[in-house]
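Trainee: Supplied structure: run_20.cif, mmCIF, C-alpha atoms and all ligand atoms.
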data_final
#
loop_
_atom_site.label_atom_id
_atom_site.label_comp_id
_atom_site.auth_asym_id
_atom_site.auth_seq_id
_atom_site.Cartn_x
_atom_site.Cartn_y
_atom_site.Cartn_z
CA MET F 1 -78.69 15.38 -29.35
CA ARG F 2 -82.39 14.87 -29.98
CA MET F 3 -83.38 13.23 -33.25
CA ILE F 4 -83.58 15.48 -36.27
CA GLN F 5 -86.18 14.37 -38.81
CA HIS F 6 -84.17 15.47 -41.82
CA SER F 7 -85.17 14.39 -45.31
CA ALA F 8 -82.19 12.12 -46.13
CA TYR F 9 -83.33 10.23 -43.07
CA GLU F 10 -87.09 10.22 -43.49
CA LEU F 11 -87.43 8.53 -46.89
CA PRO F 12 -85.10 5.57 -46.25
CA ARG F 13 -86.71 5.24 -42.82
CA LYS F 14 -90.13 4.82 -44.43
CA ARG F 15 -88.72 2.25 -46.84
CA LEU F 16 -87.11 0.34 -44.01
CA LEU F 17 -90.32 0.31 -42.00
CA ARG F 18 -92.23 -1.00 -45.00
CA ALA F 19 -89.60 -3.67 -45.70
CA LEU F 20 -89.70 -4.92 -42.11
CA GLU F 21 -93.47 -4.86 -41.83
CA ASN F 22 -93.57 -7.09 -44.86
CA HIS F 23 -92.12 -9.93 -42.78
CA ARG F 24 -90.78 -12.70 -44.99
CA PRO F 25 -88.73 -15.40 -43.27
CA GLY F 26 -85.52 -16.10 -45.09
CA HIS F 27 -85.47 -12.70 -46.74
CA MET F 28 -82.94 -10.06 -45.80
CA VAL F 29 -83.05 -6.33 -45.62
CA PHE F 30 -79.76 -4.51 -46.16
CA VAL F 31 -79.46 -0.90 -45.02
CA ILE F 32 -76.50 0.48 -46.93
CA GLY F 33 -74.86 3.88 -46.62
CA PRO F 34 -71.56 5.58 -45.82
CA SER F 35 -70.38 5.52 -42.23
CA GLY F 36 -72.12 8.13 -40.08
CA VAL F 37 -75.09 8.65 -42.37
CA GLY F 38 -77.43 7.36 -39.63
CA LYS F 39 -78.15 3.71 -40.49
CA THR F 40 -78.07 2.28 -36.97
CA THR F 41 -80.05 5.20 -35.58
CA MET F 42 -82.68 4.74 -38.29
CA ARG F 43 -82.92 0.98 -37.84
CA ARG F 44 -83.30 1.33 -34.08
CA SER F 45 -85.96 3.96 -34.43
CA VAL F 46 -87.96 1.73 -36.80
CA MET F 47 -87.66 -1.21 -34.42
CA GLN F 48 -88.80 0.99 -31.55
CA GLU F 49 -91.82 2.06 -33.53
CA MET F 50 -92.68 -1.57 -34.29
CA PHE F 51 -91.98 -3.14 -30.87
CA GLY F 52 -91.53 -0.25 -28.47
CA ASP F 53 -93.66 -1.57 -25.65
CA PRO F 54 -92.14 -4.64 -23.91
CA GLY F 55 -95.41 -4.96 -21.97
CA HIS F 56 -96.86 -6.55 -25.14
CA TRP F 57 -94.09 -9.05 -25.79
CA GLY F 58 -95.18 -11.86 -23.51
CA ARG F 59 -93.05 -13.45 -20.83
CA GLY F 60 -89.66 -14.74 -21.96
CA ARG F 61 -90.27 -13.49 -25.49
CA THR F 62 -88.44 -10.94 -27.55
CA PRO F 63 -89.54 -9.85 -31.03
CA ALA F 64 -86.07 -8.78 -32.10
CA VAL F 65 -82.42 -8.99 -31.17
CA GLU F 66 -79.45 -6.94 -32.27
CA THR F 67 -75.77 -7.72 -32.51
CA PHE F 68 -72.62 -6.71 -34.36
CA ALA F 69 -70.67 -8.80 -36.83
CA MET F 70 -67.35 -8.19 -35.14
CA LEU F 71 -63.93 -9.35 -36.10
CA PRO F 72 -62.54 -11.15 -33.06
CA ASN F 73 -58.84 -11.10 -32.20
CA SER F 74 -58.08 -13.38 -35.09
CA ALA F 75 -58.14 -11.26 -38.22
CA TYR F 76 -60.96 -13.26 -39.84
CA PHE F 77 -64.67 -13.20 -39.34
CA SER F 78 -65.83 -16.08 -37.17
CA SER F 79 -69.23 -17.60 -37.76
CA ARG F 80 -68.95 -19.41 -34.43
CA GLU F 81 -68.48 -16.11 -32.57
CA LEU F 82 -71.50 -14.65 -34.33
CA ALA F 83 -73.61 -17.62 -33.26
CA ARG F 84 -72.32 -17.25 -29.71
CA SER F 85 -73.16 -13.59 -29.52
CA LEU F 86 -76.62 -14.21 -30.99
CA LEU F 87 -77.21 -16.89 -28.39
CA ASP F 88 -76.22 -14.44 -25.64
CA GLU F 89 -78.58 -11.84 -27.05
CA LEU F 90 -81.43 -14.32 -27.21
CA HIS F 91 -81.00 -15.34 -23.58
CA ALA F 92 -79.73 -12.17 -21.91
CA PRO F 93 -80.49 -9.34 -24.34
CA THR F 94 -78.83 -5.94 -24.04
CA LEU F 95 -81.83 -4.33 -25.78
CA SER F 96 -79.76 -1.31 -26.87
CA TRP F 97 -82.07 -1.00 -29.89
CA LEU F 98 -85.00 -0.48 -27.54
CA LEU F 99 -83.39 1.68 -24.90
CA GLU F 100 -81.11 4.06 -26.80
CA GLY F 101 -82.80 7.25 -27.93
CA SER F 102 -86.20 5.86 -26.94
CA ASN F 103 -89.18 7.67 -25.47
CA LEU F 104 -89.72 5.12 -22.70
CA SER F 105 -90.13 6.63 -19.24
CA GLU F 106 -87.28 6.37 -16.74
CA GLN F 107 -89.41 4.09 -14.60
CA VAL F 108 -89.97 1.63 -17.45
CA LYS F 109 -86.26 1.75 -18.34
CA ILE F 110 -85.29 0.93 -14.76
CA SER F 111 -87.67 -1.98 -14.56
CA ILE F 112 -86.40 -3.34 -17.92
CA GLY F 113 -82.83 -2.90 -16.64
CA ASN F 114 -83.62 -4.96 -13.52
CA GLU F 115 -85.18 -7.73 -15.54
CA LEU F 116 -82.23 -7.86 -17.91
CA ALA F 117 -79.78 -8.03 -15.00
CA GLU F 118 -81.72 -11.01 -13.68
CA CYS F 119 -81.56 -12.70 -17.13
CA ARG F 120 -77.80 -12.20 -17.21
CA ARG F 121 -77.37 -13.74 -13.75
CA VAL F 122 -79.30 -16.85 -14.77
CA TRP F 123 -77.64 -17.09 -18.19
CA ILE F 124 -74.08 -17.08 -16.79
CA ASP F 125 -74.71 -20.48 -15.20
CA LEU F 126 -76.68 -21.92 -18.10
CA LYS F 127 -74.61 -20.78 -21.01
CA PRO F 128 -72.65 -23.52 -22.81
CA LYS F 129 -68.97 -23.32 -21.98
CA ARG F 130 -67.65 -25.11 -25.03
CA ALA F 131 -69.57 -25.94 -28.18
CA THR F 132 -68.78 -26.35 -31.84
CA GLU F 133 -69.92 -23.89 -34.47
CA GLY F 134 -72.68 -26.30 -35.58
CA GLU F 135 -73.88 -26.81 -32.01
CA TYR F 136 -74.04 -23.07 -31.42
CA TRP F 137 -76.10 -22.49 -34.55
CA GLY F 138 -78.44 -25.33 -33.51
CA MET F 139 -78.97 -23.64 -30.15
CA VAL F 140 -79.52 -20.27 -31.85
CA GLN F 141 -82.22 -21.79 -34.01
CA ARG F 142 -84.03 -23.38 -31.06
CA SER F 143 -83.77 -20.18 -29.02
CA ILE F 144 -85.20 -18.08 -31.86
CA LEU F 145 -88.27 -20.31 -31.85
CA ALA F 146 -88.55 -20.41 -28.05
CA ARG F 147 -88.32 -16.60 -27.79
CA GLY F 148 -90.72 -15.93 -30.63
CA CYS F 149 -88.00 -13.79 -32.21
CA LYS F 150 -88.94 -12.41 -35.65
CA TYR F 151 -86.06 -10.08 -36.54
CA ILE F 152 -82.31 -10.27 -36.14
CA ALA F 153 -80.44 -7.04 -36.65
CA LEU F 154 -76.81 -7.38 -37.58
CA ASP F 155 -74.62 -4.28 -37.79
CA GLN F 156 -71.24 -3.72 -39.45
CA VAL F 157 -71.82 -6.65 -41.79
CA THR F 158 -68.75 -5.84 -43.87
CA ALA F 159 -66.94 -7.94 -41.24
CA LEU F 160 -68.45 -10.94 -43.04
CA LEU F 161 -66.27 -10.10 -46.02
CA VAL F 162 -63.05 -10.82 -44.14
CA ASN F 163 -62.57 -14.54 -44.54
CA HIS F 164 -60.17 -17.42 -44.85
CA ARG F 165 -59.54 -18.34 -48.42
CA ASP F 166 -61.91 -21.32 -48.31
CA THR F 167 -65.02 -19.30 -47.35
CA SER F 168 -66.73 -16.81 -49.64
CA PRO F 169 -68.83 -13.93 -48.26
CA ALA F 170 -71.88 -15.32 -50.06
CA ASP F 171 -71.48 -18.56 -48.05
CA HIS F 172 -72.32 -16.64 -44.87
CA THR F 173 -75.30 -14.99 -46.50
CA LEU F 174 -76.59 -18.34 -47.75
CA HIS F 175 -76.10 -19.89 -44.34
CA LEU F 176 -77.94 -17.07 -42.55
CA MET F 177 -80.77 -17.21 -45.09
CA ALA F 178 -81.19 -20.94 -44.50
CA LEU F 179 -81.24 -20.37 -40.75
CA ALA F 180 -83.74 -17.56 -41.16
CA GLU F 181 -86.00 -19.66 -43.32
CA ALA F 182 -85.92 -22.58 -40.88
CA SER F 183 -86.59 -20.44 -37.83
CA GLY F 184 -88.95 -17.85 -39.29
CA VAL F 185 -86.80 -14.79 -38.77
CA MET F 186 -85.85 -11.97 -41.05
CA PHE F 187 -82.37 -10.47 -40.95
CA VAL F 188 -81.82 -6.74 -41.14
CA MET F 189 -78.21 -5.87 -41.85
CA THR F 190 -76.45 -2.53 -41.89
CA GLY F 191 -73.16 -1.79 -43.54
CA VAL F 192 -71.19 0.39 -45.91
CA GLN F 193 -71.29 -0.04 -49.69
CA SER F 194 -68.86 -2.95 -49.92
CA ALA F 195 -71.49 -5.06 -48.11
CA ALA F 196 -73.18 -5.34 -51.51
CA ARG F 197 -70.67 -8.10 -52.20
CA LEU F 198 -72.53 -10.24 -49.68
CA TRP F 199 -75.39 -10.82 -52.09
CA GLU F 200 -74.67 -9.47 -55.55
CA VAL F 201 -72.81 -12.47 -56.94
CA HIS F 202 -75.69 -14.92 -56.50
CA SER F 203 -79.00 -14.36 -58.25
CA GLU F 204 -80.55 -16.74 -55.73
CA LEU F 205 -79.49 -14.35 -52.94
CA ARG F 206 -80.35 -11.20 -54.82
CA ARG F 207 -83.95 -12.29 -55.22
CA ARG F 208 -84.39 -12.41 -51.45
CA VAL F 209 -82.60 -9.20 -50.60
CA VAL F 210 -84.31 -5.85 -50.17
CA THR F 211 -81.88 -2.96 -50.14
CA VAL F 212 -82.56 0.33 -48.40
CA TRP F 213 -80.03 2.89 -49.61
CA VAL F 214 -79.18 5.71 -47.22
CA PRO F 215 -77.36 8.33 -49.29
CA PRO F 216 -75.66 11.42 -47.91
CA TYR F 217 -76.68 14.86 -49.21
CA SER F 218 -75.13 15.08 -52.64
CA ASP F 219 -74.16 17.99 -54.87
CA SER F 220 -74.80 15.73 -57.84
CA ARG F 221 -78.54 15.65 -57.00
CA PRO F 222 -80.05 19.11 -57.37
CA GLU F 223 -83.07 17.99 -55.34
CA ASP F 224 -80.79 17.46 -52.30
CA TRP F 225 -79.84 21.09 -52.03
CA GLY F 226 -83.00 22.41 -50.34
CA PRO F 227 -83.11 19.60 -47.77
CA PHE F 228 -79.39 20.08 -47.08
CA LEU F 229 -80.00 23.77 -46.33
CA ARG F 230 -82.84 22.79 -44.02
CA VAL F 231 -80.53 20.45 -42.10
CA LEU F 232 -78.06 23.29 -41.66
CA GLN F 233 -80.90 25.50 -40.55
CA SER F 234 -82.05 23.09 -37.85
CA LEU F 235 -78.50 22.35 -36.72
CA GLY F 236 -77.87 26.10 -36.60
CA LEU F 237 -80.52 26.38 -33.89
CA LYS F 238 -78.55 24.00 -31.67
CA TYR F 239 -75.30 25.94 -31.73
CA ASN F 240 -74.34 29.42 -30.70
CA LEU F 241 -73.26 31.06 -33.94
CA SER F 242 -71.67 34.48 -34.59
CA LYS F 243 -74.31 35.08 -37.29
CA LYS F 244 -77.72 33.49 -37.44
CA ASP F 245 -77.27 32.40 -41.05
CA LEU F 246 -73.60 31.45 -40.75
CA LEU F 247 -74.15 27.82 -41.76
CA MET F 248 -76.31 28.78 -44.73
CA ARG F 249 -73.62 31.17 -45.98
CA MET F 250 -71.04 28.42 -45.64
CA ALA F 251 -73.29 25.70 -47.09
CA HIS F 252 -71.05 24.84 -50.09
CA ASP F 253 -67.95 24.65 -47.93
CA ILE F 254 -69.68 22.57 -45.28
CA LEU F 255 -70.88 20.11 -47.91
CA ALA F 256 -67.32 19.84 -49.27
CA ALA F 257 -65.90 19.38 -45.76
CA THR F 258 -68.32 16.64 -44.71
CA GLY F 259 -69.29 14.65 -47.81
CA GLY F 260 -72.89 15.60 -46.94
CA ILE F 261 -72.84 12.94 -44.20
CA PHE F 262 -75.02 13.84 -41.25
CA ALA F 263 -72.68 12.73 -38.45
CA GLN F 264 -69.75 14.49 -40.16
CA ILE F 265 -71.67 17.77 -40.16
CA VAL F 266 -72.48 17.40 -36.47
CA GLN F 267 -68.87 16.52 -35.67
CA LEU F 268 -67.58 19.50 -37.65
CA LEU F 269 -69.80 21.82 -35.62
CA ASP F 270 -68.78 20.12 -32.37
CA ARG F 271 -65.11 20.64 -33.23
CA ALA F 272 -65.78 24.28 -34.13
CA HIS F 273 -67.58 24.73 -30.83
CA GLN F 274 -64.53 23.32 -29.05
CA VAL F 275 -62.17 25.67 -30.94
CA ALA F 276 -64.28 28.68 -29.93
CA TYR F 277 -64.51 27.47 -26.35
CA GLU F 278 -60.74 27.01 -26.07
CA GLN F 279 -60.34 30.63 -27.13
CA GLY F 280 -62.73 31.82 -24.48
CA ARG F 281 -65.61 32.56 -26.85
CA ASP F 282 -69.10 31.14 -26.72
CA ARG F 283 -70.06 31.90 -30.32
CA ILE F 284 -68.81 29.90 -33.29
CA THR F 285 -67.31 32.02 -36.08
CA LYS F 286 -66.65 31.25 -39.74
CA ARG F 287 -62.96 30.94 -38.88
CA ASP F 288 -63.67 28.35 -36.14
CA ILE F 289 -65.50 26.18 -38.65
CA GLU F 290 -62.72 26.56 -41.22
CA ASP F 291 -60.13 25.67 -38.57
CA SER F 292 -62.08 22.49 -37.86
CA TYR F 293 -61.98 21.02 -41.38
CA TYR F 294 -60.28 17.68 -41.73
CA SER F 295 -56.90 17.36 -43.38
CA ASP F 296 -56.87 16.93 -47.15
CA SER F 297 -56.07 13.24 -46.91
CA ASP F 298 -58.97 12.57 -44.51
CA LEU F 299 -61.34 14.51 -46.73
CA GLU F 300 -60.16 12.59 -49.72
CA ALA F 301 -60.95 9.34 -47.90
CA ILE F 302 -64.47 10.57 -47.03
CA TRP F 303 -65.15 11.58 -50.63
CA ARG F 304 -63.74 8.34 -51.96
CA ASP F 305 -66.24 6.47 -49.77
CA VAL F 306 -69.10 8.72 -50.84
CA ARG F 307 -68.30 8.32 -54.53
CA SER F 308 -67.98 4.58 -54.23
CA PHE F 309 -71.29 4.43 -52.33
CA GLU F 310 -73.03 6.51 -55.01
CA SER F 311 -71.81 4.25 -57.79
CA VAL F 312 -72.87 1.08 -55.96
CA MET F 313 -76.27 2.64 -55.26
CA ARG F 314 -76.72 3.65 -58.90
CA ALA F 315 -75.83 0.16 -60.06
CA GLY F 316 -78.32 -1.45 -57.68
CA ASP F 317 -81.13 1.02 -57.88
CA VAL F 318 -83.99 -0.18 -60.09
CA SER F 319 -85.45 3.26 -60.70
CA GLN F 320 -82.04 4.52 -61.84
CA ARG F 321 -81.68 1.51 -64.10
CA ALA F 322 -85.14 2.12 -65.53
CA LYS F 323 -84.29 5.76 -66.19
CA LEU F 324 -81.12 4.71 -67.96
CA ALA F 325 -82.98 2.10 -70.00
CA ARG F 326 -85.64 4.66 -70.94
CA THR F 327 -83.09 7.16 -72.21
CA ARG F 328 -81.15 4.48 -74.07
CA TRP F 329 -84.26 3.05 -75.66
CA ARG F 330 -85.54 6.45 -76.56
CA MET F 331 -82.22 7.07 -78.27
CA THR F 332 -82.50 3.80 -80.19
CA LEU F 333 -86.10 4.51 -81.18
CA GLN F 334 -85.10 7.97 -82.23
CA SER F 335 -82.29 6.71 -84.43
CA GLU F 336 -84.64 4.13 -85.94
CA ASN F 337 -87.10 6.90 -86.67
CA ASP F 338 -84.32 8.99 -88.13
CA ALA F 339 -83.30 6.09 -90.30
CA ASP F 340 -86.90 5.78 -91.53
CA GLN F 341 -86.94 9.38 -92.67
CA PRO F 342 -86.42 9.71 -96.41
N1 LIG L 1 -81.68 11.84 -37.46
C1 LIG L 1 -80.70 12.04 -36.55
N2 LIG L 1 -80.84 13.00 -35.60
C2 LIG L 1 -79.89 13.22 -34.70
N3 LIG L 1 -78.74 12.52 -34.62
C3 LIG L 1 -78.53 11.55 -35.53
C4 LIG L 1 -79.50 11.25 -36.55
N4 LIG L 1 -79.01 10.26 -37.31
C5 LIG L 1 -77.80 9.97 -36.81
N5 LIG L 1 -77.51 10.72 -35.74
C6 LIG L 1 -76.27 10.68 -34.97
O1 LIG L 1 -75.19 10.56 -35.89
C7 LIG L 1 -74.25 9.61 -35.45
C8 LIG L 1 -74.06 8.52 -36.48
O2 LIG L 1 -75.26 7.79 -36.65
P1 LIG L 1 -75.25 6.19 -36.83
O3 LIG L 1 -74.37 5.55 -35.83
O4 LIG L 1 -76.66 5.79 -36.88
O5 LIG L 1 -74.57 6.07 -38.26
P2 LIG L 1 -74.25 4.74 -39.09
O6 LIG L 1 -74.67 5.02 -40.48
O7 LIG L 1 -74.84 3.56 -38.42
O8 LIG L 1 -72.67 4.68 -39.02
P3 LIG L 1 -71.70 3.39 -39.11
O9 LIG L 1 -71.71 2.94 -40.56
O10 LIG L 1 -70.37 3.96 -38.74
O11 LIG L 1 -72.22 2.36 -38.19
C9 LIG L 1 -74.75 9.10 -34.11
O12 LIG L 1 -74.06 9.80 -33.09
C10 LIG L 1 -76.22 9.46 -34.09
O13 LIG L 1 -76.66 9.71 -32.80
MG MG L 2 -74.02 1.81 -37.55
#
What is this file in structure tokens?
Ligand SMILES: Nc1ncnc2c1ncn2[C@@H]1O[C@H](COP(=O)(O)OP(=O)(O)OP(=O)(O)O)[C@@H](O)[C@H]1O
Ligand SMILES: [Mg+2]
Mentor:
Amino acid sequence: MRMIQHSAYELPRKRLLRALENHRPGHMVFVIGPSGVGKTTMRRSVMQEMFGDPGHWGRGRTPAVETFAMLPNSAYFSSRELARSLLDELHAPTLSWLLEGSNLSEQVKISIGNELAECRRVWIDLKPKRATEGEYWGMVQRSILARGCKYIALDQVTALLVNHRDTSPADHTLHLMALAEASGVMFVMTGVQSAARLWEVHSELRRRVVTVWVPPYSDSRPEDWGPFLRVLQSLGLKYNLSKKDLLMRMAHDILAATGGIFAQIVQLLDRAHQVAYEQGRDRITKRDIEDSYYSDSDLEAIWRDVRSFESVMRAGDVSQRAKLARTRWRMTLQSENDADQP
């Protein structure tokens, strides 16, 4: 599907662009939102806007790399594996952030693909076969400098929360910040709300973290309603519906069935399309959409995630805090005034 510039996407995207343009080594940007809300898509699109033309990078240089904080076969997060995958990306990048959903011409993509294949061939022979965690991180640091790399994107960072008893999640954050400071890179992490635990316990970390919240469309924010209807309107143009305004008529139900999460809405419509198709129809009916809702227990899990995201966002959002403080202070002032009255 082509990108949809919907409003829940546009504002956080602007914030992310601003946060990355304000390059501060050792600082971290966290993009936080429920799964499927569009964090990776948004981050890639910002990086494409900033560094989309590899012709300007210079030979052997890469302004940014991207990897995932995966949990390897052992159940715990491994800092050594992360270093190893970063080292691979620095020497033989996959460049998914640049290539996926990009506007580059086929010809440019093919020539990039050829160059990357060549990098991989060379790297297979050069890559260290056995190194300690410390040695890997040392090599990562040197490679960052050699490649002129300025940003490291790390997805699914909640993996960093799964640790042996002797490591705390904040240890990883502190370690990555020190690396970033020493090598002049900025990390941009994406994850779901529990990733907030990676920085919130240490004020020293918090000061260097910029958070970009990516909320779903919410029925608790009246201002979300119009934009949500517009999303349904633009999605409605991409599907064959029994009535032109079918999605608008079902707006409340669709919100309830998807948690207001963009990818969930798209998946709901894809499932409904499949239901119609299996019954030999090419138009999606109200019934097809209803038959495609998740089970109650799945929906409950989606809403649990959404609620927990919203409460973490409220707790971390300065403007919300300020609003709260204003109302509380106004109340105090008011009661003082009242007390002054004869
Ligand atoms: N603005 C958009 N227009 C069109 N498709 C989008 C848009 N944003 C996201 N998508 C699609 O929605 C799906 C989920 O997006 P994405 O992977 O970016 O979510 P995420 O927040 O990173 O999820 P996760 O937390 O699971 O990694 C993808 O298939 C993506 O292509
Ligand atoms: Mg993602």
Trainee: Name the closest residue to Ile284 (chain F) among the candidates F:Ser242, F:Thr67, F:Ser85, F:Ser194; distances are taken between atoms, counting only C-alpha atoms.
Mentor: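 For Ile284 (chain F), the nearest of the given residues is F:Ser242.
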Trainee: Which residue out of F:Glu89, F:Asp305, F:Glu278, F:Glu290 has the minimum interatomic distance to ligand LIG 1 (chain L) when only C-alpha atoms and all ligand atoms are used?
Mentor: F:Asp305
Trainee: Each residue of chain F with at least one atom at most 8 Å from ligand MG 2 (chain L) should appear once, together with its nearest atom pair and the corresponding distance in Å (one decimal); atoms considered: all atoms listed in the file; ordering: chain, then increasing residue number; output as a Markdown table.
Mentor:
| residue | atom | partner | partner_atom | distance |
| --- | --- | --- | --- | --- |
| F:Ser35 | CA | L:MG2 | MG | 7.0 |
| F:Gly36 | CA | L:MG2 | MG | 7.1 |
| F:Gly38 | CA | L:MG2 | MG | 6.8 |
| F:Lys39 | CA | L:MG2 | MG | 5.4 |
| F:Thr40 | CA | L:MG2 | MG | 4.1 |
| F:Thr41 | CA | L:MG2 | MG | 7.2 |
| F:Asp155 | CA | L:MG2 | MG | 6.1 |
| F:Gln156 | CA | L:MG2 | MG | 6.5 |
| F:Thr190 | CA | L:MG2 | MG | 6.6 |
| F:Gly191 | CA | L:MG2 | MG | 7.0 |
Trainee: Set the distance at 12 Å and use all atoms listed in the file: which residues neighbour Leu20 (chain F) once local chain neighbours fewer than 5 positions away are removed? I'd like the list as a list in words.
Mentor: Arg13, Lys14, Arg15, Pro25, His27, Met28, Val29, Phe30, Val31, Arg43, Val46, Met47, Glu49, Met50, Phe51, Ala64, Lys150, Tyr151, Ile152, Ala153, Val185, Met186, Phe187, Val188, Met189, Val209, Val210, Thr211 and Val212 of chain F
Trainee: Leaving out region 166-173 of chain F and any residue of its chain fewer than 2 positions from it, which residues lie within 8 Å of it when counting only C-alpha atoms, given as a list of chain:residue names?
Mentor: F:Ser79, F:Leu160, F:Leu161, F:Val162, F:Asn163, F:His164, F:His175, F:Leu176, F:Met177, F:Arg197, F:Leu198, F:Trp199, F:Val201, F:His202, F:Leu205
Trainee: Using only C-alpha atoms and all ligand atoms, pick whichever of F:Pro72, F:Gly60, F:Pro215, F:Gly236 has the shortest atom-to-atom distance to ligand LIG 1 (chain L).
Mentor: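 So, comparing all the options, the nearest one is F:Pro215.
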Trainee: Give me the chain F side of the contact with ligand LIG 1 (chain L), cut-off 10 Å, one line per residue showing its nearest atom pair and distance in Å at one decimal, counting all atoms listed in the file, sorted by chain and residue number, as a tab-separated table.
Mentor:
residue	atom	partner	partner_atom	distance
F:Met1	CA	L:LIG1	C2	5.9
F:Arg2	CA	L:LIG1	C2	5.6
F:Met3	CA	L:LIG1	N2	3.5
F:Ile4	CA	L:LIG1	N2	3.8
F:Gln5	CA	L:LIG1	N1	5.3
F:His6	CA	L:LIG1	N1	6.2
F:Ser7	CA	L:LIG1	N1	9.0
F:Ala8	CA	L:LIG1	N1	8.7
F:Tyr9	CA	L:LIG1	N1	6.1
F:Glu10	CA	L:LIG1	N1	8.3
F:Arg13	CA	L:LIG1	N1	9.9
F:Val31	CA	L:LIG1	O6	8.9
F:Ile32	CA	L:LIG1	O6	8.1
F:Gly33	CA	L:LIG1	O6	6.2
F:Pro34	CA	L:LIG1	O9	5.9
F:Ser35	CA	L:LIG1	O9	3.3
F:Gly36	CA	L:LIG1	O8	3.7
F:Val37	CA	L:LIG1	O6	4.1
F:Gly38	CA	L:LIG1	O4	3.3
F:Lys39	CA	L:LIG1	O6	3.7
F:Thr40	CA	L:LIG1	O7	3.8
F:Thr41	CA	L:LIG1	O4	3.7
F:Met42	CA	L:LIG1	O4	6.3
F:Arg43	CA	L:LIG1	O4	8.0
F:Arg44	CA	L:LIG1	O4	8.5
F:Ser45	CA	L:LIG1	N1	9.5
F:Phe68	CA	L:LIG1	O11	9.9
F:Glu100	CA	L:LIG1	O13	9.4
F:Gly101	CA	L:LIG1	O13	8.2
F:Asp155	CA	L:LIG1	O11	7.1
F:Gln156	CA	L:LIG1	O11	6.3
F:Val157	CA	L:LIG1	O9	9.7
F:Thr158	CA	L:LIG1	O9	9.8
F:Thr190	CA	L:LIG1	O7	7.2
F:Gly191	CA	L:LIG1	O9	5.8
F:Val192	CA	L:LIG1	O9	5.9
F:Gln193	CA	L:LIG1	O9	9.6
F:Val214	CA	L:LIG1	O6	8.1
F:Pro215	CA	L:LIG1	O6	9.8
F:Pro216	CA	L:LIG1	O6	9.9
F:Val231	CA	L:LIG1	N1	9.8
F:Leu235	CA	L:LIG1	C2	9.5
F:Ile261	CA	L:LIG1	O6	8.9
F:Phe262	CA	L:LIG1	O1	6.3
F:Ala263	CA	L:LIG1	O1	4.2
F:Gln264	CA	L:LIG1	O1	8.0
F:Ile265	CA	L:LIG1	O1	9.1
F:Val266	CA	L:LIG1	O1	7.4
F:Gln267	CA	L:LIG1	O1	8.7
Trainee: Name the residues in contact with His91 (chain F) at a cut-off of 8 Å, using all atoms listed in the file, excluding same-chain residues fewer than 5 positions from it; report them as a list in words.
Mentor: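 Listing them by chain and then by number gives Cys119, Arg120, Trp123 and Ser143 of chain F.
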Trainee: So that I have them on file, write out the residues from the current selection with C-alpha atoms, as a PDB file, keeping the file's coordinate frame.
Mentor:
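Result file result.pdb:
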ATOM      1  CA  CYS F 119     -81.560 -12.700 -17.130  1.00  0.00           C
ATOM      2  CA  ARG F 120     -77.800 -12.200 -17.210  1.00  0.00           C
ATOM      3  CA  TRP F 123     -77.640 -17.090 -18.190  1.00  0.00           C
ATOM      4  CA  SER F 143     -83.770 -20.180 -29.020  1.00  0.00           C
TER       5      SER F 143
END
Trainee: Any chance you could model N, CA and C atoms for region 19-29 of chain F and send them as a CSV table (one decimal), keeping the file's coordinate frame?
Mentor:
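Once written, selection-v7.csv looks like this:
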chain,number,residue,atom,x,y,z
F,19,ALA,N,-90.3,-2.4,-45.4
F,19,ALA,CA,-89.6,-3.7,-45.7
F,19,ALA,C,-89.7,-4.6,-44.5
F,20,LEU,N,-89.6,-4.1,-43.3
F,20,LEU,CA,-89.7,-4.9,-42.1
F,20,LEU,C,-91.1,-5.4,-41.8
F,21,GLU,N,-92.1,-4.5,-42.1
F,21,GLU,CA,-93.5,-4.9,-41.8
F,21,GLU,C,-93.9,-6.0,-42.7
F,22,ASN,N,-93.3,-6.0,-43.9
F,22,ASN,CA,-93.6,-7.1,-44.9
F,22,ASN,C,-92.7,-8.3,-44.5
F,23,HIS,N,-93.0,-8.9,-43.4
F,23,HIS,CA,-92.1,-9.9,-42.8
F,23,HIS,C,-92.1,-11.2,-43.6
F,24,ARG,N,-90.9,-11.5,-44.2
F,24,ARG,CA,-90.8,-12.7,-45.0
F,24,ARG,C,-89.6,-13.5,-44.5
F,25,PRO,N,-89.8,-14.6,-43.8
F,25,PRO,CA,-88.7,-15.4,-43.3
F,25,PRO,C,-87.8,-15.8,-44.4
F,26,GLY,N,-86.5,-15.7,-44.1
F,26,GLY,CA,-85.5,-16.1,-45.1
F,26,GLY,C,-85.1,-15.0,-46.0
F,27,HIS,N,-85.9,-13.9,-46.0
F,27,HIS,CA,-85.5,-12.7,-46.7
F,27,HIS,C,-84.6,-11.8,-45.9
F,28,MET,N,-83.8,-11.0,-46.5
F,28,MET,CA,-82.9,-10.1,-45.8
F,28,MET,C,-83.1,-8.6,-46.2
F,29,VAL,N,-83.0,-7.7,-45.3
F,29,VAL,CA,-83.0,-6.3,-45.6
F,29,VAL,C,-81.6,-5.8,-45.3
